[in-house]
$ cat coords-v4.tsv   # TSV, C-alpha atoms
chain	number	residue	atom	x	y	z
A	24	MET	CA	0.00	0.00	0.00
A	25	SER	CA	1.27	3.45	-0.85
A	26	PRO	CA	2.18	5.68	2.15
A	27	THR	CA	-0.08	8.33	0.58
A	28	SER	CA	-3.13	6.09	0.85
A	29	SER	CA	-6.08	7.46	2.78
A	30	LEU	CA	-9.71	6.76	3.53
A	31	ASN	CA	-12.05	8.62	1.23
A	32	LYS	CA	-15.15	8.58	3.43
A	33	ALA	CA	-16.32	7.97	6.98
A	34	LEU	CA	-15.93	4.38	8.08
A	35	CYS	CA	-16.88	2.06	10.92
A	36	VAL	CA	-15.16	-1.32	11.02
A	37	SER	CA	-16.04	-4.38	13.08
A	38	ILE	CA	-13.02	-6.68	13.30
A	39	ASP	CA	-12.94	-10.25	14.59
A	40	LEU	CA	-9.72	-10.33	16.65
A	41	ASP	CA	-8.58	-13.90	16.24
A	42	GLU	CA	-5.10	-15.29	16.80
A	43	HIS	CA	-4.12	-14.67	13.20
A	44	PHE	CA	-4.65	-10.95	13.83
A	45	VAL	CA	-2.93	-10.85	17.22
A	46	ASN	CA	0.07	-12.69	15.81
A	47	ALA	CA	0.37	-10.48	12.72
A	48	SER	CA	3.67	-8.73	12.14
A	49	GLU	CA	4.22	-5.33	13.72
A	50	ALA	CA	4.85	-3.84	10.27
A	51	ASP	CA	1.44	-5.00	9.01
A	52	ARG	CA	-0.32	-3.62	12.09
A	53	ASP	CA	1.53	-0.32	11.77
A	54	GLU	CA	0.42	-0.02	8.15
A	55	LEU	CA	-3.23	-0.42	9.12
A	56	LEU	CA	-3.00	1.89	12.14
A	57	HIS	CA	-1.28	4.56	10.07
A	58	LEU	CA	-4.15	4.38	7.61
A	59	PHE	CA	-6.72	4.89	10.37
A	60	GLU	CA	-4.78	7.66	12.07
A	61	SER	CA	-3.89	9.59	8.91
A	62	THR	CA	-7.44	10.26	7.83
A	63	GLU	CA	-9.40	13.31	8.93
A	64	GLN	CA	-12.63	11.35	8.64
A	65	HIS	CA	-14.06	9.64	11.68
A	66	VAL	CA	-13.11	5.96	11.97
A	67	GLY	CA	-15.15	3.85	14.37
A	68	LEU	CA	-13.76	0.52	15.56
A	69	ILE	CA	-15.48	-2.49	17.10
A	70	TYR	CA	-13.59	-5.61	18.18
A	71	THR	CA	-15.59	-8.83	18.28
A	72	SER	CA	-15.09	-12.38	19.48
A	73	HIS	CA	-17.02	-15.48	20.51
A	74	GLY	CA	-14.77	-15.46	23.59
A	75	PRO	CA	-15.12	-13.48	26.83
A	76	ALA	CA	-14.68	-9.71	27.01
A	77	GLU	CA	-11.59	-10.01	29.22
A	78	SER	CA	-9.79	-12.13	26.60
A	79	LEU	CA	-10.87	-9.78	23.82
A	80	ILE	CA	-9.55	-6.73	25.67
A	81	GLU	CA	-6.29	-8.59	26.34
A	82	ALA	CA	-5.98	-9.59	22.69
A	83	ALA	CA	-6.45	-5.99	21.55
A	84	ALA	CA	-3.76	-4.82	23.97
A	85	LYS	CA	-1.37	-7.56	22.84
A	86	ALA	CA	-1.84	-6.52	19.21
A	87	HIS	CA	-1.36	-2.82	20.16
A	88	MET	CA	-4.73	-1.95	18.62
A	89	PRO	CA	-6.34	1.47	19.14
A	90	VAL	CA	-9.07	1.86	21.77
A	91	PRO	CA	-12.33	0.87	20.03
A	92	ASP	CA	-15.85	2.21	20.40
A	93	MET	CA	-17.01	-1.20	21.64
A	94	PHE	CA	-15.88	-4.70	22.55
A	95	LEU	CA	-18.57	-7.15	21.43
A	96	ALA	CA	-17.84	-10.47	23.13
A	97	ASP	CA	-19.52	-13.77	24.00
A	98	THR	CA	-21.12	-14.26	20.55
A	99	GLY	CA	-22.61	-10.78	20.63
A	100	THR	CA	-24.23	-11.13	24.08
A	101	THR	CA	-21.76	-8.84	25.92
A	102	ALA	CA	-21.27	-5.24	24.77
A	103	MET	CA	-18.47	-3.42	26.61
A	104	LYS	CA	-17.32	0.17	26.24
A	105	GLY	CA	-14.02	0.52	24.42
A	106	ASP	CA	-12.27	1.86	27.53
A	107	GLY	CA	-13.49	-1.14	29.54
A	108	SER	CA	-15.35	1.05	32.02
A	109	GLY	CA	-18.71	-0.69	31.69
A	110	THR	CA	-21.36	-2.00	29.33
A	111	ILE	CA	-22.96	-0.22	26.37
A	112	GLU	CA	-26.49	0.84	27.25
A	113	PRO	CA	-29.28	0.34	26.45
A	114	LEU	CA	-27.85	-2.42	24.22
A	115	GLN	CA	-26.66	-4.64	27.07
A	116	ARG	CA	-29.78	-4.08	29.14
A	117	ASN	CA	-31.98	-5.11	26.20
A	118	ILE	CA	-29.97	-8.32	25.77
A	119	MET	CA	-30.30	-9.18	29.46
A	120	GLN	CA	-34.05	-8.65	29.34
A	121	LEU	CA	-34.29	-11.42	26.73
A	122	TRP	CA	-32.29	-13.91	28.84
A	123	PRO	CA	-34.05	-16.08	31.48
A	124	GLY	CA	-30.97	-16.10	33.71
A	125	LYS	CA	-27.84	-18.28	33.77
A	126	GLU	CA	-28.81	-20.36	36.80
A	127	ASN	CA	-32.30	-21.03	35.46
A	128	MET	CA	-30.95	-21.96	32.01
A	129	GLN	CA	-28.34	-24.34	33.42
A	130	LYS	CA	-31.00	-26.04	35.56
A	131	VAL	CA	-33.21	-26.64	32.51
A	132	LEU	CA	-30.34	-27.89	30.34
A	133	SER	CA	-29.01	-30.25	33.00
A	134	GLU	CA	-32.21	-32.28	32.71
A	135	PHE	CA	-31.18	-33.60	29.27
A	136	PRO	CA	-29.05	-36.77	29.65
A	137	GLY	CA	-27.53	-36.41	26.16
A	138	LEU	CA	-26.26	-32.89	26.83
A	139	LYS	CA	-23.06	-31.67	28.49
A	140	LEU	CA	-22.80	-28.19	29.96
A	141	LEU	CA	-19.53	-26.53	28.98
A	142	ASP	CA	-17.63	-23.98	31.05
A	143	ASP	CA	-18.97	-20.59	30.04
A	144	ALA	CA	-18.59	-17.38	32.06
A	145	ALA	CA	-20.74	-15.35	29.65
A	146	PRO	CA	-23.66	-13.89	31.63
A	147	CYS	CA	-26.19	-14.19	28.77
A	148	ARG	CA	-25.06	-17.35	26.98
A	149	GLN	CA	-24.53	-21.02	27.75
A	150	MET	CA	-22.32	-23.31	25.67
A	151	VAL	CA	-23.31	-26.98	25.46
A	152	GLU	CA	-22.20	-30.17	23.76
A	153	ILE	CA	-24.84	-32.43	22.20
A	154	ASP	CA	-23.96	-35.79	20.66
A	155	ASP	CA	-27.16	-36.87	18.90
A	156	ASP	CA	-29.87	-35.31	16.74
A	157	GLU	CA	-32.72	-36.55	18.93
A	158	THR	CA	-31.38	-34.71	21.97
A	159	LEU	CA	-30.67	-31.63	19.85
A	160	GLN	CA	-34.27	-31.51	18.63
A	161	ALA	CA	-35.63	-31.89	22.15
A	162	VAL	CA	-33.31	-29.16	23.43
A	163	ARG	CA	-34.34	-26.81	20.62
A	164	GLU	CA	-38.03	-27.27	21.39
A	165	LYS	CA	-37.51	-26.60	25.10
A	166	ILE	CA	-35.17	-23.63	24.60
A	167	GLU	CA	-37.43	-22.01	22.01
A	168	SER	CA	-40.35	-22.27	24.45
A	169	MET	CA	-38.20	-20.16	26.81
A	170	GLY	CA	-37.69	-17.45	24.19
A	171	CYS	CA	-34.11	-18.48	23.36
A	172	SER	CA	-32.31	-20.22	20.49
A	173	VAL	CA	-29.69	-22.90	19.93
A	174	GLU	CA	-26.99	-21.99	17.40
A	175	LEU	CA	-24.20	-24.21	16.06
A	176	ARG	CA	-20.74	-23.18	17.25
A	177	VAL	CA	-18.49	-25.98	16.00
A	178	ASP	CA	-19.08	-29.69	15.50
A	179	LYS	CA	-21.41	-30.93	18.29
A	180	GLN	CA	-20.99	-27.71	20.28
A	181	TYR	CA	-23.78	-25.14	20.43
A	182	ASP	CA	-24.51	-21.72	21.89
A	183	VAL	CA	-27.75	-21.22	23.78
A	184	LEU	CA	-28.57	-17.54	23.27
A	185	PRO	CA	-31.38	-15.07	23.90
A	186	TYR	CA	-33.66	-15.23	20.86
A	187	GLY	CA	-32.55	-12.85	18.11
A	188	VAL	CA	-29.19	-12.10	19.75
A	189	ASN	CA	-25.90	-12.81	17.98
A	190	LYS	CA	-22.98	-10.79	16.62
A	191	GLY	CA	-24.88	-9.58	13.59
A	192	ALA	CA	-28.03	-8.59	15.49
A	193	SER	CA	-26.07	-6.78	18.21
A	194	LEU	CA	-23.99	-4.91	15.64
A	195	GLY	CA	-27.20	-3.93	13.86
A	196	ARG	CA	-28.71	-2.56	17.06
A	197	TRP	CA	-25.50	-0.68	17.83
A	198	ILE	CA	-25.28	1.08	14.47
A	199	VAL	CA	-28.91	2.19	14.85
A	200	GLN	CA	-28.21	3.40	18.39
A	201	GLN	CA	-25.13	5.30	17.19
A	202	ASN	CA	-26.81	6.55	14.01
A	203	VAL	CA	-24.14	4.94	11.83
A	204	ALA	CA	-25.07	4.59	8.17
A	205	PRO	CA	-24.97	0.93	7.04
A	206	SER	CA	-23.20	2.12	3.87
A	207	SER	CA	-20.24	3.19	6.00
A	208	PHE	CA	-20.04	-0.07	7.96
A	209	ILE	CA	-17.89	-3.14	7.28
A	210	ALA	CA	-17.85	-6.32	9.41
A	211	LEU	CA	-14.85	-8.64	9.08
A	212	SER	CA	-14.81	-12.11	10.59
A	213	SER	CA	-13.14	-15.50	10.55
A	214	ALA	CA	-15.18	-17.36	13.17
A	215	ALA	CA	-17.42	-20.35	12.53
A	216	GLY	CA	-21.02	-19.49	13.31
A	217	ASP	CA	-20.77	-15.91	12.03
A	218	LEU	CA	-23.33	-16.36	9.27
A	219	ALA	CA	-25.38	-13.69	11.08
A	220	LEU	CA	-22.99	-11.08	9.69
A	221	CYS	CA	-24.09	-11.88	6.14
A	222	GLY	CA	-27.17	-10.73	4.28
A	223	ARG	CA	-27.53	-7.45	6.14
A	224	GLY	CA	-27.48	-3.85	4.95
A	225	TRP	CA	-23.76	-3.44	5.48
A	226	ARG	CA	-20.71	-4.88	3.75
A	227	ALA	CA	-19.02	-7.95	5.19
A	228	ALA	CA	-15.77	-9.77	4.50
A	229	MET	CA	-14.33	-13.09	5.65
A	230	PHE	CA	-10.63	-13.47	6.38
A	231	ALA	CA	-8.73	-16.06	4.34
A	232	SER	CA	-8.47	-18.47	7.27
A	233	SER	CA	-12.26	-18.68	7.70
A	234	PRO	CA	-13.79	-22.17	7.79
A	235	ASP	CA	-15.43	-23.54	4.65
A	236	SER	CA	-18.93	-23.11	6.12
A	237	LEU	CA	-18.33	-19.37	6.32
A	238	LYS	CA	-16.55	-19.07	2.97
A	239	GLU	CA	-19.55	-20.61	1.21
A	240	GLN	CA	-21.69	-17.64	2.24
A	241	CYS	CA	-19.51	-15.30	0.20
A	242	GLU	CA	-21.00	-16.83	-2.93
A	243	ARG	CA	-24.58	-16.19	-1.76
A	244	PHE	CA	-24.39	-12.47	-1.03
A	245	HIS	CA	-23.24	-9.71	-3.34
A	246	ASN	CA	-21.93	-7.55	-0.47
A	247	VAL	CA	-19.82	-10.27	1.21
A	248	ARG	CA	-16.20	-10.67	0.16
A	249	LEU	CA	-13.86	-13.62	0.70
A	250	LEU	CA	-10.43	-12.10	1.34
A	251	LYS	CA	-7.05	-13.44	0.26
A	252	SER	CA	-5.37	-12.25	3.45
A	253	ASP	CA	-5.79	-12.32	7.23
A	254	GLY	CA	-5.31	-9.71	9.92
A	255	PRO	CA	-4.28	-6.13	9.08
A	256	LEU	CA	-3.58	-6.93	5.42
A	257	GLY	CA	-7.05	-8.47	5.14
A	258	VAL	CA	-8.63	-5.32	6.57
A	259	ILE	CA	-6.76	-3.18	4.04
A	260	GLU	CA	-7.80	-5.55	1.25
A	261	ALA	CA	-11.46	-5.20	2.28
A	262	LEU	CA	-11.22	-1.40	2.43
A	263	ARG	CA	-9.78	-1.33	-1.06
A	264	TYR	CA	-12.36	-3.74	-2.48
A	265	PHE	CA	-15.33	-1.85	-1.07
A	266	GLY	CA	-14.06	1.51	-2.24
A	267	PHE	CA	-12.99	3.06	1.05
A	268	LEU	CA	-9.30	3.21	0.20
A	269	GLU	CA	-7.98	6.03	-1.92
A	270	VAL	CA	-4.47	5.54	-3.26
A	271	ALA	CA	-2.48	8.36	-4.82
A	272	GLU	CA	-0.55	6.72	-7.61
A	273	ALA	CA	3.10	7.59	-7.93
A	274	ALA	CA	3.99	9.74	-10.92
A	275	GLN	CA	5.00	7.69	-13.93
A	276	GLN	CA	8.68	7.90	-14.73

$ encode --input "coords-v4.tsv" --output "structure tokens"
Amino acid sequence: MSPTSSLNKALCVSIDLDEHFVNASEADRDELLHLFESTEQHVGLIYTSHGPAESLIEAAAKAHMPVPDMFLADTGTTAMKGDGSGTIEPLQRNIMQLWPGKENMQKVLSEFPGLKLLDDAAPCRQMVEIDDDETLQAVREKIESMGCSVELRVDKQYDVLPYGVNKGASLGRWIVQQNVAPSSFIALSSAAGDLALCGRGWRAAMFASSPDSLKEQCERFHNVRLLKSDGPLGVIEALRYFGFLEVAEAAQQ
């Protein structure tokens, strides 16, 4: 990327901070941060993860990332302020109102012999492992009667979530709350189970290391891009593809 590159319009980026991003080279991170810092336009940042907020904040610090507007953790069920001082309201309060409570949910789930409760500190989510389709169907019926949903995480592991709550839905509520135009929003991810980021009013892109189940969605939606790179270089690639990156070409010799 040319050092004279700049952003040509306001931008808000949601970035899935996975290990491939944390472990990116310092030079690649510096290139992306320089791009964000050199523009006079407002750049909003959101860091997302299926993991807990504490790990997400630690990952951002390890990668020397700028302070974001929001940390969206626990599969979109925990919305923390970028400075870590508390939750984003009323977004977090609305999520909690849809959740029947961790203790109550664990009590209900423990009644299924074919289900294993997994360690999960998220206040509004419970991870489970289910081995057979019959148990899965029974769990779905029970959980849906409680106003919640069961979403695939990875093979045989599922997230029990408040109904209508996931990364995509929470991001959508946030951009409405912040009055962010969907046309200025890009969500980048590499996590299995992030299909909720696709098919919305904003642009989305999947890092090169995304699982096949996620890559397949790039063929279904015109505003979803499968990237050739990961981490900072993938972010820059997405900005260029969607027309946010303006590059001043060097004079021809």

$ residues_around --input "coords-v4.tsv" --residues "Ala96 in chain A" --least-positions-apart "3" --cutoff "6 Å" --atoms "only C-alpha atoms" --output "mmCIF file with C-alpha atoms, keeping the file's coordinate frame"
data_model
loop_
_atom_site.group_PDB
_atom_site.id
_atom_site.type_symbol
_atom_site.label_atom_id
_atom_site.label_comp_id
_atom_site.auth_asym_id
_atom_site.auth_seq_id
_atom_site.Cartn_x
_atom_site.Cartn_y
_atom_site.Cartn_z
ATOM 1 C CA THR A 71 -15.590 -8.830 18.280
ATOM 2 C CA SER A 72 -15.090 -12.380 19.480
ATOM 3 C CA HIS A 73 -17.020 -15.480 20.510
ATOM 4 C CA GLY A 74 -14.770 -15.460 23.590
ATOM 5 C CA PRO A 75 -15.120 -13.480 26.830
ATOM 6 C CA ALA A 76 -14.680 -9.710 27.010
ATOM 7 C CA GLY A 99 -22.610 -10.780 20.630
ATOM 8 C CA THR A 101 -21.760 -8.840 25.920
#

$ atom_distance --input "coords-v4.tsv" --atom1 "CA of Ala102 in chain A" --atom2 "CA of Asn46 in chain A"
24.3 Å

$ closest_residue --input "coords-v4.tsv" --among "A:Gly222, A:Trp122, A:Ile153, A:Arg196" --to "Phe244 in chain A" --atoms "all atoms listed in the file"
A:Gly222

$ closest_residue --input "coords-v4.tsv" --among "A:Tyr186, A:Phe135, A:Phe59, A:Tyr70" --to "Gln120 in chain A" --atoms "only C-alpha atoms"
A:Tyr186

$ atom_distance --input "coords-v4.tsv" --atom1 "CA of Asp155 in chain A" --atom2 "CA of Gln129 in chain A"
19.2 Å

$ residues_around --input "coords-v4.tsv" --residues "range 84-87 of chain A" --least-positions-apart "5" --cutoff "12 Å" --atoms "all atoms listed in the file" --output "list of chain:residue names"
A:Leu40, A:Asp41, A:Glu42, A:His43, A:Phe44, A:Val45, A:Asn46, A:Ala47, A:Ser48, A:Glu49, A:Ala50, A:Asp51, A:Arg52, A:Asp53, A:Leu55, A:Leu56, A:Tyr70, A:Glu77, A:Ser78, A:Leu79, A:Gly105, A:Asp106, A:Gly107, A:Gly254, A:Pro255

$ residues_near_point --input "coords-v4.tsv" --point "(-19.4, -13.4, 29.6)" --cutoff "6 Å" --atoms "only C-alpha atoms" --output "list of chain:residue names"
A:Pro75, A:Asp97, A:Ala144, A:Ala145, A:Pro146

$ closest_residue --input "coords-v4.tsv" --among "A:Asp142, A:Glu269, A:Asp178, A:Glu54" --to "Leu256 in chain A" --atoms "only C-alpha atoms"
A:Glu54

$ residues_around --input "coords-v4.tsv" --residues "Gln200 in chain A" --least-positions-apart "6" --cutoff "12 Å" --atoms "all atoms listed in the file" --output "ChimeraX atom specification"
/A:111-115,193-194

$ closest_residue --input "coords-v4.tsv" --among "A:Thr158, A:Gln180, A:Ser168, A:Thr100" --to "Asn117 in chain A" --atoms "only C-alpha atoms"
A:Thr100

$ residues_around --input "coords-v4.tsv" --residues "Ala204 in chain A" --least-positions-apart "4" --cutoff "10 Å" --atoms "only C-alpha atoms" --output "list in words"
Ala33, Leu34, Cys35, Ile198, Val199, Phe208, Gly224 and Trp225 of chain A

$ build_atoms --input "coords-v4.tsv" --residues "range 247-270 of chain A" --atoms "N, CA and C atoms" --output "JSON list (two decimals), keeping the file's coordinate frame"
[["chain", "number", "residue", "atom", "x", "y", "z"],
["A", 247, "VAL", "N", -20.72, -9.52, 0.33],
["A", 247, "VAL", "CA", -19.82, -10.27, 1.21],
["A", 247, "VAL", "C", -18.62, -10.72, 0.39],
["A", 248, "ARG", "N", -17.43, -10.40, 0.89],
["A", 248, "ARG", "CA", -16.20, -10.67, 0.16],
["A", 248, "ARG", "C", -15.34, -11.70, 0.88],
["A", 249, "LEU", "N", -14.85, -12.70, 0.16],
["A", 249, "LEU", "CA", -13.86, -13.62, 0.70],
["A", 249, "LEU", "C", -12.48, -13.04, 0.41],
["A", 250, "LEU", "N", -11.72, -12.77, 1.47],
["A", 250, "LEU", "CA", -10.43, -12.10, 1.34],
["A", 250, "LEU", "C", -9.31, -13.10, 1.07],
["A", 251, "LYS", "N", -8.23, -12.62, 0.52],
["A", 251, "LYS", "CA", -7.05, -13.44, 0.26],
["A", 251, "LYS", "C", -6.06, -13.38, 1.42],
["A", 252, "SER", "N", -6.31, -12.47, 2.36],
["A", 252, "SER", "CA", -5.37, -12.25, 3.45],
["A", 252, "SER", "C", -6.08, -12.31, 4.79],
["A", 253, "ASP", "N", -5.29, -12.36, 5.86],
["A", 253, "ASP", "CA", -5.79, -12.32, 7.23],
["A", 253, "ASP", "C", -5.31, -11.04, 7.90],
["A", 254, "GLY", "N", -5.82, -10.78, 9.10],
["A", 254, "GLY", "CA", -5.31, -9.71, 9.92],
["A", 254, "GLY", "C", -5.32, -8.34, 9.27],
["A", 255, "PRO", "N", -4.33, -7.50, 9.60],
["A", 255, "PRO", "CA", -4.28, -6.13, 9.08],
["A", 255, "PRO", "C", -4.32, -6.06, 7.56],
["A", 256, "LEU", "N", -3.59, -6.96, 6.88],
["A", 256, "LEU", "CA", -3.58, -6.93, 5.42],
["A", 256, "LEU", "C", -4.97, -7.28, 4.86],
["A", 257, "GLY", "N", -5.69, -8.16, 5.56],
["A", 257, "GLY", "CA", -7.05, -8.47, 5.14],
["A", 257, "GLY", "C", -7.98, -7.28, 5.29],
["A", 258, "VAL", "N", -7.81, -6.52, 6.38],
["A", 258, "VAL", "CA", -8.63, -5.32, 6.57],
["A", 258, "VAL", "C", -8.38, -4.33, 5.45],
["A", 259, "ILE", "N", -7.11, -4.11, 5.12],
["A", 259, "ILE", "CA", -6.76, -3.18, 4.04],
["A", 259, "ILE", "C", -7.32, -3.67, 2.71],
["A", 260, "GLU", "N", -7.25, -4.97, 2.48],
["A", 260, "GLU", "CA", -7.80, -5.55, 1.25],
["A", 260, "GLU", "C", -9.31, -5.28, 1.15],
["A", 261, "ALA", "N", -10.02, -5.44, 2.28],
["A", 261, "ALA", "CA", -11.46, -5.20, 2.28],
["A", 261, "ALA", "C", -11.78, -3.73, 2.04],
["A", 262, "LEU", "N", -11.00, -2.83, 2.64],
["A", 262, "LEU", "CA", -11.22, -1.40, 2.43],
["A", 262, "LEU", "C", -11.03, -1.03, 0.97],
["A", 263, "ARG", "N", -10.04, -1.62, 0.35],
["A", 263, "ARG", "CA", -9.78, -1.33, -1.06],
["A", 263, "ARG", "C", -10.91, -1.89, -1.93],
["A", 264, "TYR", "N", -11.34, -3.11, -1.66],
["A", 264, "TYR", "CA", -12.36, -3.74, -2.48],
["A", 264, "TYR", "C", -13.68, -2.99, -2.42],
["A", 265, "PHE", "N", -14.05, -2.52, -1.23],
["A", 265, "PHE", "CA", -15.33, -1.85, -1.07],
["A", 265, "PHE", "C", -15.27, -0.35, -1.31],
["A", 266, "GLY", "N", -14.15, 0.13, -1.81],
["A", 266, "GLY", "CA", -14.06, 1.51, -2.24],
["A", 266, "GLY", "C", -13.81, 2.54, -1.16],
["A", 267, "PHE", "N", -13.30, 2.10, -0.02],
["A", 267, "PHE", "CA", -12.99, 3.06, 1.05],
["A", 267, "PHE", "C", -11.55, 3.55, 0.99],
["A", 268, "LEU", "N", -10.72, 2.89, 0.22],
["A", 268, "LEU", "CA", -9.30, 3.21, 0.20],
["A", 268, "LEU", "C", -8.96, 4.02, -1.04],
["A", 269, "GLU", "N", -8.40, 5.16, -0.82],
["A", 269, "GLU", "CA", -7.98, 6.03, -1.92],
["A", 269, "GLU", "C", -6.46, 6.04, -1.98],
["A", 270, "VAL", "N", -5.92, 5.65, -3.11],
["A", 270, "VAL", "CA", -4.47, 5.54, -3.26],
["A", 270, "VAL", "C", -3.99, 6.54, -4.30]]
